[in-house]
>>> print(open('input_22.txt').read())   # compact mmCIF, C-alpha atoms
# COMPACT_ATOMS: atom_id res chain seq x y z
CA MET L 25 38.68 36.10 -26.64
CA ASP L 26 40.08 32.68 -27.66
CA ILE L 27 37.76 29.99 -28.94
CA SER L 28 37.74 27.94 -25.72
CA ARG L 29 36.70 30.92 -23.59
CA ALA L 30 34.13 31.84 -26.24
CA VAL L 31 32.67 28.32 -26.10
CA LYS L 32 32.18 28.65 -22.36
CA ALA L 33 30.61 32.08 -22.65
CA ARG L 34 28.26 30.83 -25.36
CA SER L 35 27.29 27.78 -23.28
CA LEU L 36 26.36 29.96 -20.31
CA ALA L 37 24.40 32.29 -22.59
CA LEU L 38 22.40 29.29 -23.80
CA GLY L 39 21.21 28.68 -20.26
CA PHE L 40 23.66 26.16 -18.83
CA ASP L 41 24.90 26.69 -15.29
CA LEU L 42 28.30 25.02 -15.68
CA VAL L 43 30.61 24.23 -18.56
CA ALA L 44 33.98 22.49 -18.71
CA ILE L 45 36.21 21.04 -21.40
CA ALA L 46 38.12 17.75 -21.46
CA PRO L 47 40.52 16.33 -24.06
CA VAL L 48 39.18 13.22 -25.76
CA GLY L 49 40.82 9.91 -24.87
CA PRO L 50 40.02 6.66 -23.09
CA SER L 51 37.08 7.13 -20.74
CA PRO L 52 37.92 7.69 -17.07
CA ASP L 53 36.46 5.18 -14.62
CA TRP L 54 35.59 2.69 -17.38
CA GLU L 55 37.02 -0.30 -15.51
CA ARG L 56 34.89 0.47 -12.46
CA TYR L 57 31.84 0.77 -14.68
CA GLN L 58 32.63 -2.56 -16.33
CA ALA L 59 32.89 -4.22 -12.91
CA TRP L 60 29.52 -2.69 -11.92
CA ILE L 61 27.89 -4.20 -15.01
CA GLN L 62 29.50 -7.58 -14.37
CA ARG L 63 28.11 -7.66 -10.82
CA GLY L 64 24.64 -7.54 -12.30
CA TRP L 65 23.80 -4.32 -10.49
CA ALA L 66 22.32 -2.81 -13.67
CA GLY L 67 19.32 -5.10 -13.30
CA GLU L 68 17.05 -5.12 -16.35
CA MET L 69 18.87 -2.22 -18.02
CA GLY L 70 20.42 -4.48 -20.63
CA TYR L 71 21.22 -1.57 -22.92
CA LEU L 72 23.98 -0.54 -20.51
CA ALA L 73 25.82 -3.80 -21.07
CA ARG L 74 25.25 -3.64 -24.83
CA HIS L 75 26.91 -0.22 -24.95
CA LEU L 76 29.78 -1.16 -22.64
CA GLN L 77 32.55 -1.22 -25.25
CA LEU L 78 31.30 1.98 -26.92
CA LYS L 79 31.71 3.78 -23.61
CA ARG L 80 35.38 2.87 -23.47
CA ASP L 81 36.43 5.75 -25.73
CA PRO L 82 34.30 8.61 -27.13
CA ARG L 83 36.08 8.30 -30.46
CA ALA L 84 33.93 5.24 -31.09
CA LEU L 85 31.09 7.75 -31.50
CA LEU L 86 32.99 10.45 -33.38
CA PRO L 87 36.34 9.24 -34.78
CA ASN L 88 37.73 12.72 -35.36
CA ALA L 89 36.73 14.04 -31.92
CA ARG L 90 39.44 15.96 -30.07
CA SER L 91 37.49 17.78 -27.35
CA LEU L 92 34.56 17.06 -25.10
CA ILE L 93 32.44 19.99 -23.93
CA LEU L 94 30.60 19.09 -20.71
CA VAL L 95 27.61 21.11 -19.53
CA ALA L 96 25.42 21.02 -16.44
CA LEU L 97 21.98 22.45 -15.77
CA ASN L 98 20.77 23.07 -12.23
CA TYR L 99 17.30 21.58 -11.59
CA ALA L 100 16.95 22.14 -7.84
CA GLN L 101 13.55 23.16 -6.47
CA HIS L 102 12.32 24.15 -3.03
CA LEU L 103 9.14 22.20 -2.23
CA ASP L 104 6.96 22.20 0.88
CA PRO L 105 8.16 19.20 2.96
CA ALA L 106 4.73 18.77 4.57
CA LEU L 107 3.15 18.48 1.13
CA VAL L 108 5.52 16.02 -0.52
CA THR L 109 5.76 13.73 2.52
CA ASP L 110 1.97 13.50 2.92
CA PRO L 111 1.26 9.75 2.44
CA ALA L 112 -2.04 10.60 0.75
CA ARG L 113 -0.09 12.19 -2.11
CA GLY L 114 2.16 10.68 -4.75
CA ARG L 115 5.71 11.90 -4.89
CA ILE L 116 7.48 12.57 -8.20
CA ALA L 117 11.25 13.13 -8.38
CA ILE L 118 12.15 16.78 -8.78
CA TYR L 119 13.83 16.27 -12.13
CA ALA L 120 10.48 15.22 -13.64
CA LEU L 121 8.38 18.13 -12.36
CA GLY L 122 9.09 20.38 -15.35
CA ARG L 123 9.57 19.79 -19.06
CA ASP L 124 11.64 16.88 -20.29
CA TYR L 125 15.24 17.99 -19.75
CA HIS L 126 16.50 15.86 -22.64
CA LYS L 127 14.73 18.10 -25.15
CA VAL L 128 15.69 21.31 -23.37
CA MET L 129 19.40 20.48 -23.21
CA ARG L 130 19.61 18.82 -26.60
CA LYS L 131 18.19 21.88 -28.35
CA ALA L 132 20.74 24.16 -26.66
CA LEU L 133 23.64 21.79 -27.40
CA ILE L 134 22.69 21.58 -31.08
CA GLU L 135 22.72 25.36 -31.19
CA LEU L 136 26.14 25.38 -29.49
CA ASP L 137 27.49 22.94 -32.07
CA ARG L 138 26.21 25.05 -34.96
CA TRP L 139 27.74 28.16 -33.45
CA LEU L 140 31.12 26.46 -32.93
CA ALA L 141 31.10 25.04 -36.45
CA ALA L 142 30.54 28.54 -37.81
CA GLN L 143 33.48 29.83 -35.77
CA SER L 144 35.90 27.10 -36.86
CA GLY L 145 34.65 26.70 -40.41
CA ARG L 146 33.92 22.99 -40.24
CA SER L 147 31.00 21.54 -42.19
CA SER L 148 30.55 18.35 -40.17
CA ARG L 149 28.44 17.98 -37.04
CA GLY L 150 29.60 17.28 -33.53
CA ARG L 151 27.94 14.60 -31.41
CA VAL L 152 25.39 15.82 -28.87
CA PHE L 153 24.51 13.62 -25.91
CA VAL L 154 22.04 13.96 -23.04
CA ASP L 155 21.54 10.42 -21.74
CA SER L 156 21.19 9.57 -25.41
CA ALA L 157 24.61 8.18 -26.28
CA PRO L 158 26.95 5.65 -24.67
CA MET L 159 28.99 8.15 -22.65
CA LEU L 160 30.15 8.12 -19.04
CA GLU L 161 29.02 11.73 -18.52
CA ARG L 162 29.49 11.79 -14.76
CA SER L 163 33.05 10.45 -14.93
CA TRP L 164 34.00 12.85 -17.70
CA ALA L 165 32.48 15.77 -15.77
CA ALA L 166 34.59 14.86 -12.76
CA ARG L 167 37.69 14.60 -14.95
CA ALA L 168 37.01 18.09 -16.32
CA GLY L 169 36.82 19.56 -12.81
CA MET L 170 33.06 20.05 -12.75
CA GLY L 171 32.73 18.32 -9.37
CA PHE L 172 33.54 15.22 -7.36
CA ILE L 173 31.61 11.96 -7.12
CA GLY L 174 29.97 11.74 -3.73
CA LYS L 175 28.99 8.77 -1.61
CA ASN L 176 25.50 8.99 -3.11
CA ALA L 177 27.14 8.22 -6.50
CA CYS L 178 26.13 11.67 -7.81
CA LEU L 179 28.41 14.36 -9.19
CA ILE L 180 28.63 17.13 -6.57
CA HIS L 181 29.72 20.65 -7.44
CA PRO L 182 30.98 22.67 -4.44
CA ARG L 183 28.65 25.56 -5.28
CA LEU L 184 25.66 23.93 -7.01
CA GLY L 185 25.52 20.61 -5.19
CA SER L 186 24.21 17.53 -6.99
CA TRP L 187 20.91 18.70 -8.49
CA LEU L 188 22.50 18.72 -11.94
CA PHE L 189 21.53 17.46 -15.37
CA LEU L 190 24.63 16.50 -17.34
CA GLY L 191 25.16 16.54 -21.07
CA GLY L 192 27.81 17.33 -23.60
CA LEU L 193 29.12 17.78 -27.07
CA LEU L 194 31.91 15.87 -28.84
CA VAL L 195 33.69 18.10 -31.34
CA PRO L 196 36.73 17.86 -33.67
CA GLU L 197 38.13 21.21 -32.50
CA ALA L 198 41.13 21.11 -30.16
CA LEU L 199 39.96 23.26 -27.26
CA ALA L 200 41.89 24.20 -24.12
CA PRO L 201 40.96 21.63 -21.43
CA ASP L 202 40.11 22.38 -17.83
CA PRO L 203 42.34 20.86 -15.15
CA PRO L 204 40.91 17.96 -13.13
CA PRO L 205 40.60 18.43 -9.39
CA THR L 206 43.57 17.45 -7.28
CA VAL L 207 43.48 15.32 -4.15
CA VAL L 208 44.85 17.35 -1.24
CA GLU L 209 44.01 14.80 1.43
CA LYS L 210 43.74 11.15 0.47
CA ALA L 211 41.86 8.71 2.66
CA GLY L 212 41.57 5.01 1.89
CA ASP L 213 39.96 4.49 -1.52
CA LEU L 214 39.16 8.21 -2.00
CA ARG L 215 35.74 7.93 -0.32
CA ASP L 216 36.67 10.48 2.32
CA SER L 217 39.25 12.41 0.28
CA VAL L 218 39.32 16.19 -0.09
CA TRP L 219 39.43 17.60 -3.62
CA ARG L 220 40.70 21.03 -4.68
CA PHE L 221 39.27 22.55 -7.84
CA ALA L 222 40.86 25.08 -10.18
CA ASP L 223 38.93 27.99 -8.65
CA GLY L 224 40.18 27.11 -5.15
CA ARG L 225 36.99 25.47 -3.90
CA MET L 226 37.23 22.28 -1.86
CA GLY L 227 34.94 19.27 -2.04
CA THR L 228 34.55 16.19 0.12
CA CYS L 229 31.97 13.93 1.73
CA GLY L 230 34.25 13.51 4.73
CA ALA L 231 32.84 11.08 7.26
CA CYS L 232 29.22 11.89 6.32
CA THR L 233 27.00 8.88 5.53
CA ARG L 234 23.59 10.59 5.48
CA CYS L 235 22.78 9.37 1.98
CA LEU L 236 23.55 5.75 2.83
CA ASP L 237 21.51 5.99 6.02
CA ALA L 238 18.52 7.62 4.30
CA CYS L 239 18.05 5.01 1.54
CA PRO L 240 15.02 2.88 2.56
CA THR L 241 15.99 -0.02 0.30
CA ARG L 242 19.74 0.10 1.05
CA ALA L 243 20.53 0.54 -2.63
CA LEU L 244 23.72 2.38 -1.67
CA VAL L 245 25.49 -0.76 -0.51
CA ALA L 246 28.67 1.20 0.23
CA PRO L 247 30.01 4.71 -0.48
CA ARG L 248 29.77 5.39 -4.23
CA GLN L 249 28.43 1.86 -4.88
CA LEU L 250 24.83 1.68 -6.08
CA ASP L 251 22.95 -1.57 -6.64
CA ALA L 252 20.36 -0.25 -9.09
CA ARG L 253 18.13 -3.28 -8.55
CA LEU L 254 17.30 -1.90 -5.11
CA CYS L 255 17.03 1.77 -6.04
CA ILE L 256 13.53 3.29 -5.87
CA SER L 257 14.23 5.26 -9.04
CA TYR L 258 15.05 2.03 -10.87
CA LEU L 259 12.07 0.18 -9.40
CA THR L 260 9.58 2.88 -10.38
CA ILE L 261 11.02 3.79 -13.79
CA GLU L 262 13.36 1.22 -15.30
CA GLN L 263 11.85 -2.04 -14.08
CA TRP L 264 8.96 -3.07 -16.28
CA GLY L 265 7.64 -6.06 -14.34
CA ALA L 266 6.42 -6.54 -10.80
CA ILE L 267 8.17 -4.71 -7.98
CA PRO L 268 9.63 -7.29 -5.57
CA MET L 269 7.22 -7.91 -2.71
CA GLU L 270 9.81 -7.28 -0.01
CA LEU L 271 10.60 -3.80 -1.38
CA ARG L 272 7.09 -2.42 -1.88
CA SER L 273 6.56 -1.22 1.68
CA ARG L 274 9.89 0.66 1.56
CA ILE L 275 8.93 2.75 -1.46
CA GLY L 276 6.64 4.97 0.58
CA ASN L 277 4.71 7.45 -1.56
CA TRP L 278 7.20 7.66 -4.45
CA VAL L 279 5.35 7.11 -7.72
CA PHE L 280 8.18 8.14 -10.09
CA GLY L 281 11.83 8.25 -9.10
CA CYS L 282 13.36 9.17 -5.75
CA ASP L 283 15.37 12.10 -4.34
CA LEU L 284 16.15 10.94 -0.80
CA CYS L 285 19.93 10.54 -1.17
CA GLN L 286 20.17 14.07 -2.56
CA GLU L 287 17.75 15.70 -0.12
CA VAL L 288 19.86 14.75 2.89
CA CYS L 289 23.19 15.76 1.31
CA PRO L 290 24.70 18.77 3.14
CA TRP L 291 26.00 20.12 -0.17
CA ASN L 292 22.39 20.65 -1.28
CA HIS L 293 21.06 22.49 1.75
CA ARG L 294 21.52 26.04 0.44
CA ILE L 295 21.23 25.55 -3.29
CA ARG L 296 19.23 28.14 -5.24
CA PRO L 297 16.27 26.88 -7.31
CA ALA L 298 16.70 26.27 -11.02
CA ALA L 299 16.65 29.44 -13.09
CA HIS L 300 15.71 27.84 -16.42
CA PRO L 301 12.02 28.53 -17.11
CA ALA L 302 11.44 25.11 -18.72
CA LEU L 303 12.32 23.42 -15.42
CA ARG L 304 9.69 25.18 -13.33
CA PRO L 305 7.46 22.58 -11.65
CA HIS L 306 4.10 21.95 -13.26
CA PRO L 307 1.44 22.38 -10.55
CA ASP L 308 -0.23 19.06 -11.44
CA ARG L 309 3.01 17.19 -10.73
CA ILE L 310 3.86 18.50 -7.27
CA ALA L 311 2.63 15.77 -4.91
CA PRO L 312 -0.69 15.02 -6.66
CA PRO L 313 -3.33 13.26 -4.52
CA LEU L 314 -3.17 9.48 -4.89
CA LEU L 315 -6.93 9.29 -5.40
CA GLU L 316 -6.56 11.54 -8.45
CA LEU L 317 -3.76 9.40 -9.84
CA LEU L 318 -5.63 6.15 -9.26
CA ALA L 319 -8.49 7.51 -11.38
CA LEU L 320 -6.32 8.23 -14.44
CA ASP L 321 -6.98 6.12 -17.52
CA GLU L 322 -4.33 5.93 -20.24
CA ALA L 323 -5.63 8.95 -22.15
CA ALA L 324 -5.82 11.08 -18.99
CA PHE L 325 -2.32 9.97 -18.03
CA ARG L 326 -0.94 11.10 -21.37
CA ARG L 327 -2.68 14.45 -21.12
CA ARG L 328 -1.51 15.10 -17.58
CA PHE L 329 2.13 14.18 -18.12
CA ALA L 330 2.66 15.17 -21.76
CA GLY L 331 6.18 16.50 -22.25
CA SER L 332 7.32 15.13 -18.88
CA PRO L 333 9.91 12.41 -18.13
CA VAL L 334 7.06 10.63 -16.28
CA MET L 335 5.93 9.35 -19.67
CA ARG L 336 8.88 6.95 -19.62
CA ALA L 337 7.09 4.75 -17.09
CA LYS L 338 4.04 4.47 -19.37
CA TRP L 339 0.56 4.22 -17.90
CA GLU L 340 0.94 0.63 -16.74
CA GLY L 341 4.22 1.17 -14.91
CA PHE L 342 3.05 4.43 -13.39
CA MET L 343 -0.24 2.94 -12.17
CA ARG L 344 1.67 0.01 -10.69
CA ASN L 345 3.67 2.56 -8.68
CA VAL L 346 0.55 4.47 -7.65
CA CYS L 347 -1.05 1.27 -6.35
CA VAL L 348 2.03 0.56 -4.22
CA ALA L 349 1.94 4.11 -2.82
CA ALA L 350 -1.77 3.68 -2.05
CA GLY L 351 -0.99 0.47 -0.16
CA ASN L 352 1.64 2.27 1.87
CA TRP L 353 -0.87 5.05 2.57
CA GLY L 354 -3.25 2.41 3.90
CA SER L 355 -6.40 4.52 3.81
CA PRO L 356 -9.78 2.83 3.15
CA LEU L 357 -10.52 5.83 0.91
CA ALA L 358 -8.47 4.11 -1.82
CA ARG L 359 -10.47 0.87 -1.67
CA GLU L 360 -12.92 1.41 -4.54
CA ALA L 361 -10.29 2.70 -6.95
CA LEU L 362 -8.00 -0.22 -6.14
CA LEU L 363 -10.83 -2.72 -6.57
CA ALA L 364 -11.55 -1.27 -10.00
CA HIS L 365 -7.93 -1.90 -11.01
CA VAL L 366 -8.10 -5.47 -9.69
CA ARG L 367 -11.17 -6.13 -11.80
CA GLU L 368 -10.35 -4.23 -14.99
CA SER L 369 -6.68 -3.25 -15.40
CA SER L 370 -3.78 -5.28 -16.77
CA LEU L 371 -2.57 -8.17 -14.65
CA LEU L 372 0.53 -6.21 -13.62
CA VAL L 373 -1.53 -3.32 -12.26
CA ALA L 374 -4.12 -5.69 -10.80
CA GLU L 375 -1.42 -7.58 -8.89
CA HIS L 376 -0.15 -4.42 -7.19
CA ALA L 377 -3.68 -3.17 -6.56
CA ALA L 378 -4.51 -6.46 -4.84
CA TRP L 379 -1.39 -6.16 -2.70
CA ALA L 380 -2.37 -2.61 -1.80
CA LEU L 381 -5.87 -3.69 -0.76
CA THR L 382 -4.41 -6.12 1.77
CA ARG L 383 -2.57 -3.19 3.35
CA LEU L 384 -5.58 -0.95 3.96
CA ARG L 385 -6.50 -0.18 7.53
CA GLU L 386 -9.53 -1.62 9.31
CA ASN L 387 -9.24 -4.80 7.20
CA SER L 388 -11.51 -3.10 4.65
CA GLY L 389 -9.38 -3.91 1.65
CA ARG L 390 -8.82 -7.56 2.48
CA ALA L 391 -12.52 -8.18 3.07
CA ALA L 392 -13.42 -6.47 -0.22
CA LEU L 393 -10.79 -8.51 -2.04
CA ILE L 394 -12.27 -11.76 -0.76
CA HIS L 395 -15.71 -10.57 -1.88
CA VAL L 396 -14.38 -9.83 -5.40
CA LEU L 397 -12.63 -13.20 -5.59
CA HIS L 398 -15.98 -15.00 -5.51
CA ARG L 399 -17.18 -13.02 -8.54
CA ILE L 400 -14.17 -13.22 -10.84
CA THR L 401 -13.87 -16.21 -13.18
CA GLU L 402 -10.66 -15.34 -15.06
CA PRO L 403 -8.08 -17.88 -13.75
CA SER L 404 -5.02 -15.59 -13.88
CA ARG L 405 -6.84 -12.77 -12.09
CA ARG L 406 -8.14 -15.17 -9.44
CA GLN L 407 -4.61 -16.46 -8.89
CA LEU L 408 -3.12 -13.04 -8.27
CA ILE L 409 -5.88 -12.23 -5.77
CA GLN L 410 -5.33 -15.53 -3.97
CA ARG L 411 -1.58 -14.89 -3.93
CA ALA L 412 -2.06 -11.42 -2.41
CA LEU L 413 -4.38 -12.80 0.28
CA ALA L 414 -2.01 -15.65 1.10
CA GLU L 415 0.94 -13.29 1.35
CA ALA L 416 -1.01 -10.97 3.62
CA LYS L 417 -2.06 -13.88 5.84
CA GLY L 418 1.53 -15.09 6.10
CA THR L 419 2.73 -11.60 6.97
CA MET L 420 0.15 -11.29 9.72
CA GLU L 421 1.11 -14.67 11.18
CA ASP L 422 4.81 -13.71 11.15
CA ARG L 423 4.01 -10.63 13.21
CA ARG L 424 2.32 -12.62 15.94
>>> encode(input="input_22.txt", output="structure tokens")
Amino acid sequence: MDISRAVKARSLALGFDLVAIAPVGPSPDWERYQAWIQRGWAGEMGYLARHLQLKRDPRALLPNARSLILVALNYAQHLDPALVTDPARGRIAIYALGRDYHKVMRKALIELDRWLAAQSGRSSRGRVFVDSAPMLERSWAARAGMGFIGKNACLIHPRLGSWLFLGGLLVPEALAPDPPPTVVEKAGDLRDSVWRFADGRMGTCGACTRCLDACPTRALVAPRQLDARLCISYLTIEQWGAIPMELRSRIGNWVFGCDLCQEVCPWNHRIRPAAHPALRPHPDRIAPPLLELLALDEAAFRRRFAGSPVMRAKWEGFMRNVCVAAGNWGSPLAREALLAHVRESSLLVAEHAAWALTRLRENSGRAALIHVLHRITEPSRRQLIQRALAEAKGTMEDRR
């Protein structure tokens, strides 16, 4: 078996579901990515702009790199729709239900690099990346024939769909590359094109626009064009400040991330669940009751989500999201927990808790908020309560 075939066999043995190889050179799709940054669609993710030039060519990360090994790990799960869409429960994106995939994939890729170094006799290390280096993983994966980029801006494999974690390994070995897919039917700017892969499979979005139609915030402004500033995943994970008022009601019960554009994709309808044991959903993370989440202090939050990507939001960001979900639920059962956050939590959490209280049914939250206002002396906390009440009053008047 030649070294390239051996690399693929070893990658699959390490638990990856897909592996492909690309020759190192200028990054594909870099100009489009640059234009996306320049539009400002990255929002507060300033690190993306800072790494822009590094993403232009992988050799900026490893000067002697000659091959790029791309891997993918299936993370699909089959969850009870009635459970996850229950407004009384908080919804966490599927990718965050198990262990942190960064650690799982990185460990396997380091092992792959050590194995390959032993085969080739090199003493240097390759460069491992799993969202941890300035690489355009999705574009490289498409170039290596691992899938096509769908209208939901995700990489879609004709057999495994788009529930895929991507990562890779830059190495100095010259490995045999995989052929990129070929366009067999070109339509316009490739949005509706049909792609043929090396194994004969075909891939296309065709005229389907289900992902664009399903996005509550219209973050997919056009096929394959995502304005991250509107994306629920960005709003609940990457944005550190207040969630824009006009978007809160559209977030529904998502408290970390969002899967809607992938759930509706026809390519994902018959995908088998993830086989990797580390990606099995933790029972405490599958649609936990909002009342439980509202009661978490920082220590309890860390215990509950230790080892999970949810930790990225930190307690303050996560509780901000939970307050928004509670407001969209609208049940008076959340009143006391929300009032406690208004009185005691950080101003960011208190602001969203106050907003949520104005959304509770039977006017119970608004009346309680007015009652609390008369007992709070801290100026900044009084101001956020007054702002929430004024906004709610204006909204009610607009509806008349």
>>> atom_distance(input="input_22.txt", atom1="CA of Ala198 (chain L)", atom2="CA of Arg90 (chain L)")
5.4 Å
>>> atom_distance(input="input_22.txt", atom1="CA of Arg138 (chain L)", atom2="CA of Gly150 (chain L)")
8.6 Å
>>> closest_atom_pairs(input="input_22.txt", of="region 223-301 of chain L", to="region 367-389 of chain L", cutoff="10 Å", atoms="all atoms listed in the file", output="CSV")
residue,atom,partner,partner_atom,distance
L:Trp264,CA,L:Leu372,CA,9.4
L:Gly265,CA,L:Leu372,CA,7.1
L:Ala266,CA,L:Leu372,CA,6.5
L:Ile267,CA,L:His376,CA,8.4
L:Met269,CA,L:Trp379,CA,8.8
L:Arg272,CA,L:His376,CA,9.2
L:Ser273,CA,L:Arg383,CA,9.5
>>> atom_distance(input="input_22.txt", atom1="CA of Val396 (chain L)", atom2="CA of Ala358 (chain L)")
15.6 Å
>>> residues_near_point(input="input_22.txt", point="(29.0, 21.2, -3.5)", cutoff="10 Å", atoms="only C-alpha atoms", output="list in words")
Gly171, Phe172, Gly174, Leu179, Ile180, His181, Pro182, Arg183, Leu184, Gly185, Ser186, Trp187, Arg225, Met226, Gly227, Thr228, Cys229, Cys289, Pro290, Trp291, Asn292, His293, Arg294 and Ile295 of chain L
>>> closest_atom_pairs(input="input_22.txt", of="region 57-121 of chain L", to="region 314-321 of chain L", cutoff="10 Å", atoms="all atoms listed in the file", output="CSV")
residue,atom,partner,partner_atom,distance
L:Pro111,CA,L:Leu314,CA,8.6
L:Ala112,CA,L:Leu314,CA,5.9
L:Arg113,CA,L:Leu314,CA,5.0
L:Gly114,CA,L:Leu314,CA,5.5
L:Arg115,CA,L:Leu314,CA,9.2
>>> residues_around(input="input_22.txt", residues="Glu197 (chain L)", least_positions_apart="3", cutoff="8 Å", atoms="all atoms listed in the file", output="ChimeraX atom specification")
/L:89-91,144
>>> closest_residue(input="input_22.txt", among="L:Ala392, L:Ile261, L:Leu92, L:Ala330", to="Met343 (chain L)", atoms="all atoms listed in the file")
L:Ile261
>>> closest_residue(input="input_22.txt", among="L:Leu38, L:Met159, L:Leu284, L:Met335", to="Asp124 (chain L)", atoms="all atoms listed in the file")
L:Met335
>>> residues_near_point(input="input_22.txt", point="(42.1, 5.9, -24.5)", cutoff="10 Å", atoms="all atoms listed in the file", output="VMD selection string")
chain L and resid 48 to 52 80 to 83
>>> write_last_selection(input="input_22.txt", atoms="C-alpha atoms", output="short mmCIF file (atom, residue, chain, number, x, y, z; two decimals), in the coordinates of the input")
data_model
loop_
_atom_site.label_atom_id
_atom_site.label_comp_id
_atom_site.auth_asym_id
_atom_site.auth_seq_id
_atom_site.Cartn_x
_atom_site.Cartn_y
_atom_site.Cartn_z
CA VAL L 48 39.18 13.22 -25.76
CA GLY L 49 40.82 9.91 -24.87
CA PRO L 50 40.02 6.66 -23.09
CA SER L 51 37.08 7.13 -20.74
CA PRO L 52 37.92 7.69 -17.07
CA ARG L 80 35.38 2.87 -23.47
CA ASP L 81 36.43 5.75 -25.73
CA PRO L 82 34.30 8.61 -27.13
CA ARG L 83 36.08 8.30 -30.46
#
>>> closest_residue(input="input_22.txt", among="L:Ile275, L:Leu193, L:Ile310, L:Ile116", to="Glu135 (chain L)", atoms="all atoms listed in the file")
L:Leu193
>>> build_atoms(input="input_22.txt", residues="region 376-395 of chain L", atoms="N, CA and C atoms", output="PDB file, in the frame of the given file")
ATOM      1  N   HIS L 376      -0.575  -5.413  -8.184  1.00  0.00           N
ATOM      2  CA  HIS L 376      -0.150  -4.420  -7.190  1.00  0.00           C
ATOM      3  C   HIS L 376      -1.343  -3.785  -6.495  1.00  0.00           C
ATOM      4  N   ALA L 377      -2.467  -3.675  -7.198  1.00  0.00           N
ATOM      5  CA  ALA L 377      -3.680  -3.170  -6.560  1.00  0.00           C
ATOM      6  C   ALA L 377      -4.179  -4.154  -5.509  1.00  0.00           C
ATOM      7  N   ALA L 378      -4.099  -5.440  -5.814  1.00  0.00           N
ATOM      8  CA  ALA L 378      -4.510  -6.460  -4.840  1.00  0.00           C
ATOM      9  C   ALA L 378      -3.613  -6.421  -3.611  1.00  0.00           C
ATOM     10  N   TRP L 379      -2.320  -6.278  -3.836  1.00  0.00           N
ATOM     11  CA  TRP L 379      -1.390  -6.160  -2.700  1.00  0.00           C
ATOM     12  C   TRP L 379      -1.743  -4.947  -1.855  1.00  0.00           C
ATOM     13  N   ALA L 380      -2.029  -3.833  -2.519  1.00  0.00           N
ATOM     14  CA  ALA L 380      -2.370  -2.610  -1.800  1.00  0.00           C
ATOM     15  C   ALA L 380      -3.635  -2.785  -0.963  1.00  0.00           C
ATOM     16  N   LEU L 381      -4.614  -3.478  -1.491  1.00  0.00           N
ATOM     17  CA  LEU L 381      -5.870  -3.690  -0.760  1.00  0.00           C
ATOM     18  C   LEU L 381      -5.629  -4.454   0.543  1.00  0.00           C
ATOM     19  N   THR L 382      -4.682  -5.365   0.531  1.00  0.00           N
ATOM     20  CA  THR L 382      -4.410  -6.120   1.770  1.00  0.00           C
ATOM     21  C   THR L 382      -3.726  -5.267   2.820  1.00  0.00           C
ATOM     22  N   ARG L 383      -3.285  -4.073   2.419  1.00  0.00           N
ATOM     23  CA  ARG L 383      -2.570  -3.190   3.350  1.00  0.00           C
ATOM     24  C   ARG L 383      -3.476  -2.105   3.941  1.00  0.00           C
ATOM     25  N   LEU L 384      -4.712  -2.015   3.474  1.00  0.00           N
ATOM     26  CA  LEU L 384      -5.580  -0.950   3.960  1.00  0.00           C
ATOM     27  C   LEU L 384      -5.984  -1.196   5.415  1.00  0.00           C
ATOM     28  N   ARG L 385      -6.136  -0.099   6.115  1.00  0.00           N
ATOM     29  CA  ARG L 385      -6.500  -0.180   7.530  1.00  0.00           C
ATOM     30  C   ARG L 385      -7.924  -0.703   7.710  1.00  0.00           C
ATOM     31  N   GLU L 386      -8.208  -1.142   8.913  1.00  0.00           N
ATOM     32  CA  GLU L 386      -9.530  -1.620   9.310  1.00  0.00           C
ATOM     33  C   GLU L 386      -9.951  -2.888   8.550  1.00  0.00           C
ATOM     34  N   ASN L 387      -8.984  -3.552   7.914  1.00  0.00           N
ATOM     35  CA  ASN L 387      -9.240  -4.800   7.200  1.00  0.00           C
ATOM     36  C   ASN L 387     -10.226  -4.615   6.040  1.00  0.00           C
ATOM     37  N   SER L 388     -10.497  -3.361   5.666  1.00  0.00           N
ATOM     38  CA  SER L 388     -11.510  -3.100   4.650  1.00  0.00           C
ATOM     39  C   SER L 388     -11.096  -3.604   3.272  1.00  0.00           C
ATOM     40  N   GLY L 389      -9.847  -3.474   2.958  1.00  0.00           N
ATOM     41  CA  GLY L 389      -9.380  -3.910   1.650  1.00  0.00           C
ATOM     42  C   GLY L 389      -9.355  -5.410   1.504  1.00  0.00           C
ATOM     43  N   ARG L 390      -8.902  -6.096   2.529  1.00  0.00           N
ATOM     44  CA  ARG L 390      -8.820  -7.560   2.480  1.00  0.00           C
ATOM     45  C   ARG L 390     -10.209  -8.177   2.360  1.00  0.00           C
ATOM     46  N   ALA L 391     -11.159  -7.657   3.128  1.00  0.00           N
ATOM     47  CA  ALA L 391     -12.520  -8.180   3.070  1.00  0.00           C
ATOM     48  C   ALA L 391     -13.133  -7.955   1.688  1.00  0.00           C
ATOM     49  N   ALA L 392     -12.896  -6.767   1.114  1.00  0.00           N
ATOM     50  CA  ALA L 392     -13.420  -6.470  -0.220  1.00  0.00           C
ATOM     51  C   ALA L 392     -12.773  -7.356  -1.271  1.00  0.00           C
ATOM     52  N   LEU L 393     -11.511  -7.668  -1.091  1.00  0.00           N
ATOM     53  CA  LEU L 393     -10.790  -8.510  -2.040  1.00  0.00           C
ATOM     54  C   LEU L 393     -11.356  -9.933  -2.028  1.00  0.00           C
ATOM     55  N   ILE L 394     -11.664 -10.432  -0.862  1.00  0.00           N
ATOM     56  CA  ILE L 394     -12.270 -11.760  -0.760  1.00  0.00           C
ATOM     57  C   ILE L 394     -13.642 -11.759  -1.443  1.00  0.00           C
ATOM     58  N   HIS L 395     -14.388 -10.702  -1.260  1.00  0.00           N
ATOM     59  CA  HIS L 395     -15.710 -10.570  -1.880  1.00  0.00           C
ATOM     60  C   HIS L 395     -15.578 -10.600  -3.409  1.00  0.00           C
TER      61      HIS L 395
END
